[in-house]
>>> print(open('entry_0.txt').read())   # compact mmCIF, C-alpha atoms
# COMPACT_ATOMS: atom_id res chain seq x y z
CA MET K 1468 11.75 -20.14 1.40
CA LYS K 1469 11.62 -16.47 2.29
CA VAL K 1470 9.55 -15.11 5.20
CA LEU K 1471 8.58 -11.42 5.16
CA LEU K 1472 7.14 -9.38 8.04
CA PHE K 1473 5.47 -6.04 7.41
CA GLY K 1474 4.56 -3.07 9.60
CA ARG K 1475 4.74 -3.53 13.35
CA LEU K 1476 5.45 -7.28 12.96
CA GLY K 1477 8.98 -6.45 11.79
CA ASP K 1478 9.53 -4.29 14.88
CA VAL K 1479 8.27 -7.06 17.18
CA ALA K 1480 10.60 -9.65 15.60
CA GLY K 1481 13.59 -7.38 14.98
CA TRP K 1482 13.79 -8.60 11.35
CA HIS K 1483 11.86 -7.92 8.18
CA GLU K 1484 13.02 -10.73 5.91
CA ARG K 1485 14.75 -14.05 6.41
CA ALA K 1486 15.37 -17.34 4.65
CA LEU K 1487 13.97 -20.47 6.28
CA GLU K 1488 15.47 -23.82 5.20
CA PRO K 1489 14.15 -26.44 5.11
CA ALA K 1490 10.80 -24.82 4.40
CA PRO K 1491 7.96 -25.88 6.69
CA ALA K 1492 5.36 -28.17 5.06
CA THR K 1493 2.40 -25.94 5.90
CA LEU K 1494 1.54 -22.41 6.94
CA ALA K 1495 0.42 -23.73 10.34
CA GLU K 1496 3.84 -25.34 10.82
CA LEU K 1497 5.55 -22.09 9.83
CA ARG K 1498 3.50 -20.20 12.42
CA ARG K 1499 4.42 -22.79 15.07
CA ARG K 1500 8.12 -22.58 14.22
CA LEU K 1501 8.15 -18.79 14.40
CA ALA K 1502 6.17 -18.82 17.67
CA ASP K 1503 8.50 -21.43 19.23
CA GLU K 1504 11.50 -19.22 18.46
CA ASP K 1505 9.84 -15.97 19.50
CA ALA K 1506 6.69 -16.03 21.63
CA ALA K 1507 6.05 -12.29 21.15
CA LEU K 1508 6.13 -12.71 17.38
CA GLY K 1509 3.87 -15.78 17.60
CA GLU K 1510 1.34 -13.72 19.53
CA ALA K 1511 1.59 -10.81 17.08
CA LEU K 1512 1.07 -13.13 14.09
CA ALA K 1513 -2.09 -14.53 15.70
CA GLY K 1514 -3.35 -10.97 16.33
CA ARG K 1515 -6.53 -9.49 14.93
CA GLY K 1516 -6.44 -8.57 11.26
CA VAL K 1517 -3.04 -10.15 10.48
CA GLN K 1518 -3.22 -11.84 7.06
CA ALA K 1519 -0.83 -14.27 5.40
CA ALA K 1520 0.12 -14.09 1.73
CA VAL K 1521 1.65 -17.15 0.05
CA ASP K 1522 3.55 -16.13 -3.08
CA MET K 1523 1.62 -12.84 -2.96
CA ALA K 1524 -1.84 -14.44 -2.73
CA ILE K 1525 -3.80 -13.87 0.50
CA VAL K 1526 -4.77 -17.20 2.07
CA ARG K 1527 -7.32 -17.88 4.78
CA GLY K 1528 -6.74 -20.87 7.05
CA ASP K 1529 -3.90 -23.27 6.37
CA ALA K 1530 -1.93 -23.80 3.15
CA VAL K 1531 0.62 -26.30 1.85
CA LEU K 1532 3.99 -24.62 1.29
CA ALA K 1533 5.61 -27.14 -1.09
CA GLY K 1534 7.36 -25.22 -3.88
CA VAL K 1535 6.47 -21.85 -2.37
CA ARG K 1536 9.00 -19.00 -2.73
CA GLU K 1537 7.78 -16.63 -0.05
CA VAL K 1538 5.29 -16.18 2.75
CA ALA K 1539 4.44 -12.67 3.96
CA PHE K 1540 2.60 -11.70 7.12
CA LEU K 1541 0.58 -8.52 6.71
CA PRO K 1542 -0.88 -6.54 9.62
CA PRO K 1543 -3.94 -4.36 8.82
CA MET K 1544 -3.03 -2.14 5.87
CA SER K 1545 -2.90 1.55 6.63
CA GLY K 1546 -3.19 3.01 3.16
CA GLY K 1547 -0.72 5.66 2.07
CA MET O 942 -2.91 2.34 -17.07
CA THR O 943 0.30 2.88 -15.13
CA VAL O 944 1.01 2.19 -11.45
CA ARG O 945 4.44 3.24 -10.24
CA LEU O 946 5.97 2.83 -6.78
CA THR O 947 9.07 4.89 -6.18
CA PRO O 948 11.41 5.48 -3.24
CA GLU O 949 12.57 8.73 -4.91
CA PRO O 950 10.83 12.13 -4.87
CA PHE O 951 8.87 12.86 -8.06
CA GLU O 952 7.78 16.08 -9.72
CA PRO O 953 3.97 16.20 -10.09
CA GLY O 954 3.96 19.01 -12.68
CA ALA O 955 6.27 17.16 -15.05
CA GLU O 956 4.22 13.96 -14.62
CA LEU O 957 0.98 15.78 -15.46
CA THR O 958 2.52 17.41 -18.52
CA GLY O 959 3.76 14.04 -19.76
CA PHE O 960 0.38 12.43 -19.13
CA CYS O 961 -1.52 15.11 -21.08
CA ALA O 962 0.86 15.18 -24.04
CA GLY O 963 -0.58 13.99 -27.32
CA ARG O 964 -4.16 13.45 -26.11
CA THR O 965 -6.36 14.76 -28.86
CA GLU O 966 -9.58 12.88 -27.99
CA THR O 967 -9.50 12.64 -24.17
CA GLY O 968 -11.31 15.85 -23.25
CA ALA O 969 -10.76 15.73 -19.47
CA VAL O 970 -7.80 15.06 -17.21
CA ALA O 971 -8.23 15.43 -13.43
CA SER O 972 -5.34 15.03 -11.01
CA PHE O 973 -4.77 14.90 -7.27
CA VAL O 974 -1.47 15.25 -5.39
CA GLY O 975 -1.13 14.26 -1.73
CA ILE O 976 1.68 16.01 0.17
CA ALA O 977 3.28 14.92 3.47
CA ARG O 978 2.19 17.24 6.29
CA GLY O 979 4.63 18.44 8.92
CA GLU O 980 1.85 18.76 11.57
CA GLY O 981 3.56 21.85 13.02
CA GLY O 982 6.76 19.96 13.86
CA LYS O 983 4.96 16.95 15.36
CA ALA O 984 5.76 14.79 12.33
CA THR O 985 9.42 14.94 11.33
CA ALA O 986 9.13 12.21 8.72
CA LEU O 987 6.71 9.69 7.36
CA GLU O 988 7.80 6.19 6.42
CA LEU O 989 5.69 4.07 4.11
CA GLN O 990 6.43 0.41 3.79
CA ALA O 991 5.20 -1.32 0.63
CA TYR O 992 5.30 -4.97 -0.45
CA PRO O 993 6.90 -4.54 -3.90
CA GLY O 994 5.04 -6.58 -6.50
CA PHE O 995 1.99 -7.14 -4.29
CA THR O 996 1.33 -3.43 -3.63
CA GLU O 997 1.45 -2.43 -7.32
CA ARG O 998 -0.74 -5.38 -8.29
CA GLU O 999 -3.44 -4.54 -5.70
CA ILE O 1000 -3.42 -0.85 -6.69
CA GLY O 1001 -3.60 -1.94 -10.34
CA ARG O 1002 -6.74 -3.96 -9.59
CA MET O 1003 -8.38 -0.90 -8.08
CA ALA O 1004 -7.31 1.22 -11.08
CA ASP O 1005 -8.97 -1.39 -13.35
CA ASP O 1006 -12.11 -1.17 -11.21
CA ALA O 1007 -12.09 2.65 -11.52
CA THR O 1008 -11.57 2.36 -15.28
CA ARG O 1009 -14.68 0.17 -15.60
CA ARG O 1010 -16.81 2.18 -13.14
CA PHE O 1011 -16.09 5.57 -14.66
CA GLY O 1012 -15.28 4.63 -18.25
CA LEU O 1013 -11.77 6.08 -18.08
CA ALA O 1014 -9.48 6.42 -21.08
CA ASP O 1015 -6.34 6.18 -18.92
CA VAL O 1016 -5.06 6.25 -15.32
CA LEU O 1017 -1.69 7.10 -13.81
CA ILE O 1018 -0.91 6.40 -10.14
CA ILE O 1019 2.47 7.25 -8.63
CA HIS O 1020 3.06 6.40 -4.97
CA ARG O 1021 6.13 6.96 -2.83
CA HIS O 1022 7.46 4.44 -0.35
CA GLY O 1023 10.30 4.62 2.14
CA PRO O 1024 10.99 7.78 4.17
CA ILE O 1025 9.12 10.92 3.01
CA ALA O 1026 9.88 14.42 4.31
CA PRO O 1027 7.15 17.04 5.02
CA GLY O 1028 6.37 18.97 1.83
CA GLU O 1029 7.19 16.10 -0.52
CA ALA O 1030 4.52 14.55 -2.75
CA ILE O 1031 3.44 11.13 -1.44
CA VAL O 1032 0.89 10.20 -4.08
CA MET O 1033 -0.38 11.41 -7.43
CA VAL O 1034 -3.51 10.16 -9.19
CA VAL O 1035 -4.30 11.28 -12.73
CA CYS O 1036 -7.47 10.17 -14.54
CA ALA O 1037 -8.40 10.79 -18.16
CA SER O 1038 -11.90 10.51 -19.56
CA ALA O 1039 -14.07 11.99 -22.28
CA HIS O 1040 -15.80 14.39 -19.85
CA ARG O 1041 -14.83 16.05 -16.57
CA ARG O 1042 -17.30 14.51 -14.07
CA GLU O 1043 -15.98 10.95 -14.52
CA ALA O 1044 -12.37 12.12 -14.22
CA PHE O 1045 -13.09 14.01 -10.95
CA GLN O 1046 -15.07 11.11 -9.49
CA ALA O 1047 -12.43 8.54 -10.42
CA CYS O 1048 -9.69 10.59 -8.67
CA ASP O 1049 -11.90 10.84 -5.56
CA PHE O 1050 -12.65 7.10 -5.62
CA LEU O 1051 -9.00 6.08 -6.12
CA MET O 1052 -7.76 8.41 -3.37
CA ASP O 1053 -10.31 7.02 -0.89
CA TYR O 1054 -9.02 3.54 -1.70
CA LEU O 1055 -5.36 4.55 -1.55
CA LYS O 1056 -5.82 6.27 1.84
CA SER O 1057 -7.66 3.40 3.52
CA ARG O 1058 -7.09 -0.02 1.96
CA ALA O 1059 -3.99 0.07 -0.23
CA PRO O 1060 -1.21 -2.28 0.93
CA PHE O 1061 1.04 0.16 2.76
CA TRP O 1062 2.14 0.25 6.38
CA LYS O 1063 2.67 3.75 7.66
CA LYS O 1064 5.03 4.88 10.39
CA GLU O 1065 5.17 8.44 11.69
CA HIS O 1066 8.43 9.66 13.14
CA GLY O 1067 8.08 12.58 15.55
CA PRO O 1068 10.04 14.17 18.39
CA GLY O 1069 8.58 11.59 20.81
CA GLY O 1070 9.57 8.55 18.73
CA ALA O 1071 7.93 6.50 16.01
CA ARG O 1072 4.50 4.88 15.79
CA TRP O 1073 2.62 2.74 13.27
CA VAL O 1074 -0.53 4.42 12.03
CA GLU O 1075 -3.79 2.77 10.94
CA PRO O 1076 -6.54 4.35 8.80
CA THR O 1077 -8.51 7.09 10.56
CA ALA O 1078 -12.28 6.85 11.12
CA ARG O 1079 -12.60 9.56 8.46
CA ASP O 1080 -10.63 7.45 5.93
CA LEU O 1081 -12.94 4.47 6.58
CA GLU O 1082 -16.09 6.61 6.22
CA ASP O 1083 -14.75 8.01 2.95
CA ILE O 1084 -14.18 4.60 1.37
CA ALA O 1085 -17.59 3.30 2.58
CA ARG O 1086 -19.26 5.92 0.33
CA TRP O 1087 -18.41 3.79 -2.73
CA ASP O 1088 -19.58 0.36 -1.48
>>> encode(input="entry_0.txt", output="structure tokens")
Amino acid sequence: MKVLLFGRLGDVAGWHERALEPAPATLAELRRRLADEDAALGEALAGRGVQAAVDMAIVRGDAVLAGVREVAFLPPMSGG
Amino acid sequence: MTVRLTPEPFEPGAELTGFCAGRTETGAVASFVGIARGEGGKATALELQAYPGFTEREIGRMADDATRRFGLADVLIIHRHGPIAPGEAIVMVVCASAHRREAFQACDFLMDYLKSRAPFWKKEHGPGGARWVEPTARDLEDIARWD
């Protein structure tokens, strides 16, 4: 599974895209794994207005990640 | 309807000519081009991050909304991503309809959306470093006019 970070989240983590194998079972588990590795990133992901997209669909709350190709974390969009 | 994201500079005049070619029944084509400002040397470059696939799809949804709202015959949206130098075109919106008012309004509506809610993340590089930019209060007021 691919994890993508956009905007300032990529600067906080120092990466924009990475593969995560084995994939976590749920979005909540993915958040925990990322936060355990990098507390600053965990805090940024929990920040106000940060949305998660599972295979390009915005999800609210938790989601099962079985069979999912990518999860993206999206800070507030700025427009162009 | 066409939505195109491109990391390369584009030529707005050529795009407009191509869009207008062969339209015998359209009547009105309105266009808008947004150009990166240098801010008197304060902004040396603008960097727009897009989520390829997601960004085009979300912009496409808004273009469909504009098509229904204003009864458009066609829409073209071209948007840059990646680094953009002052003076380069960032965005072009072209709307075709039977009469001018709808074409003007649809360009206005789509630009308000593109400037405030479209899935881009904007970084300004200046002499003092780089910073991520969020929509201005003015951008948010502009989009609220259409709700």
>>> atom_distance(input="entry_0.txt", atom1="atom CA of K:Gly1547", atom2="atom CA of O:Tyr1054")
9.4 Å
>>> atom_distance(input="entry_0.txt", atom1="atom CA of K:Phe1540", atom2="atom CA of K:Ala1519")
4.6 Å
>>> residues_near_point(input="entry_0.txt", point="(8.9, -11.5, 5.8)", cutoff="7 Å", atoms="only C-alpha atoms", output="number ranges by chain")
K: 1469-1473, 1483-1485, 1538-1540
>>> closest_atom_pairs(input="entry_0.txt", of="chain K", to="chain O", cutoff="9 Å", atoms="only C-alpha atoms", output="JSON lines")
{"residue": "K:Phe1473", "atom": "CA", "partner": "O:Trp1062", "partner_atom": "CA", "distance": 7.2}
{"residue": "K:Gly1474", "atom": "CA", "partner": "O:Trp1062", "partner_atom": "CA", "distance": 5.2}
{"residue": "K:Arg1475", "atom": "CA", "partner": "O:Trp1073", "partner_atom": "CA", "distance": 6.6}
{"residue": "K:Met1523", "atom": "CA", "partner": "O:Phe995", "partner_atom": "CA", "distance": 5.9}
{"residue": "K:Ala1524", "atom": "CA", "partner": "O:Phe995", "partner_atom": "CA", "distance": 8.4}
{"residue": "K:Ala1539", "atom": "CA", "partner": "O:Tyr992", "partner_atom": "CA", "distance": 8.9}
{"residue": "K:Leu1541", "atom": "CA", "partner": "O:Pro1060", "partner_atom": "CA", "distance": 8.7}
{"residue": "K:Pro1542", "atom": "CA", "partner": "O:Trp1062", "partner_atom": "CA", "distance": 8.1}
{"residue": "K:Pro1543", "atom": "CA", "partner": "O:Glu1075", "partner_atom": "CA", "distance": 7.4}
{"residue": "K:Met1544", "atom": "CA", "partner": "O:Pro1060", "partner_atom": "CA", "distance": 5.3}
{"residue": "K:Ser1545", "atom": "CA", "partner": "O:Glu1075", "partner_atom": "CA", "distance": 4.6}
{"residue": "K:Gly1546", "atom": "CA", "partner": "O:Lys1056", "partner_atom": "CA", "distance": 4.4}
{"residue": "K:Gly1547", "atom": "CA", "partner": "O:Lys1056", "partner_atom": "CA", "distance": 5.1}
>>> atom_distance(input="entry_0.txt", atom1="atom CA of O:Ala969", atom2="atom CA of O:Ile1000")
22.2 Å
>>> residues_around(input="entry_0.txt", residues="O:Val944", least_positions_apart="3", cutoff="9 Å", atoms="all atoms listed in the file", output="ChimeraX atom specification")
/O:997-998,1000-1001,1004,1016-1020
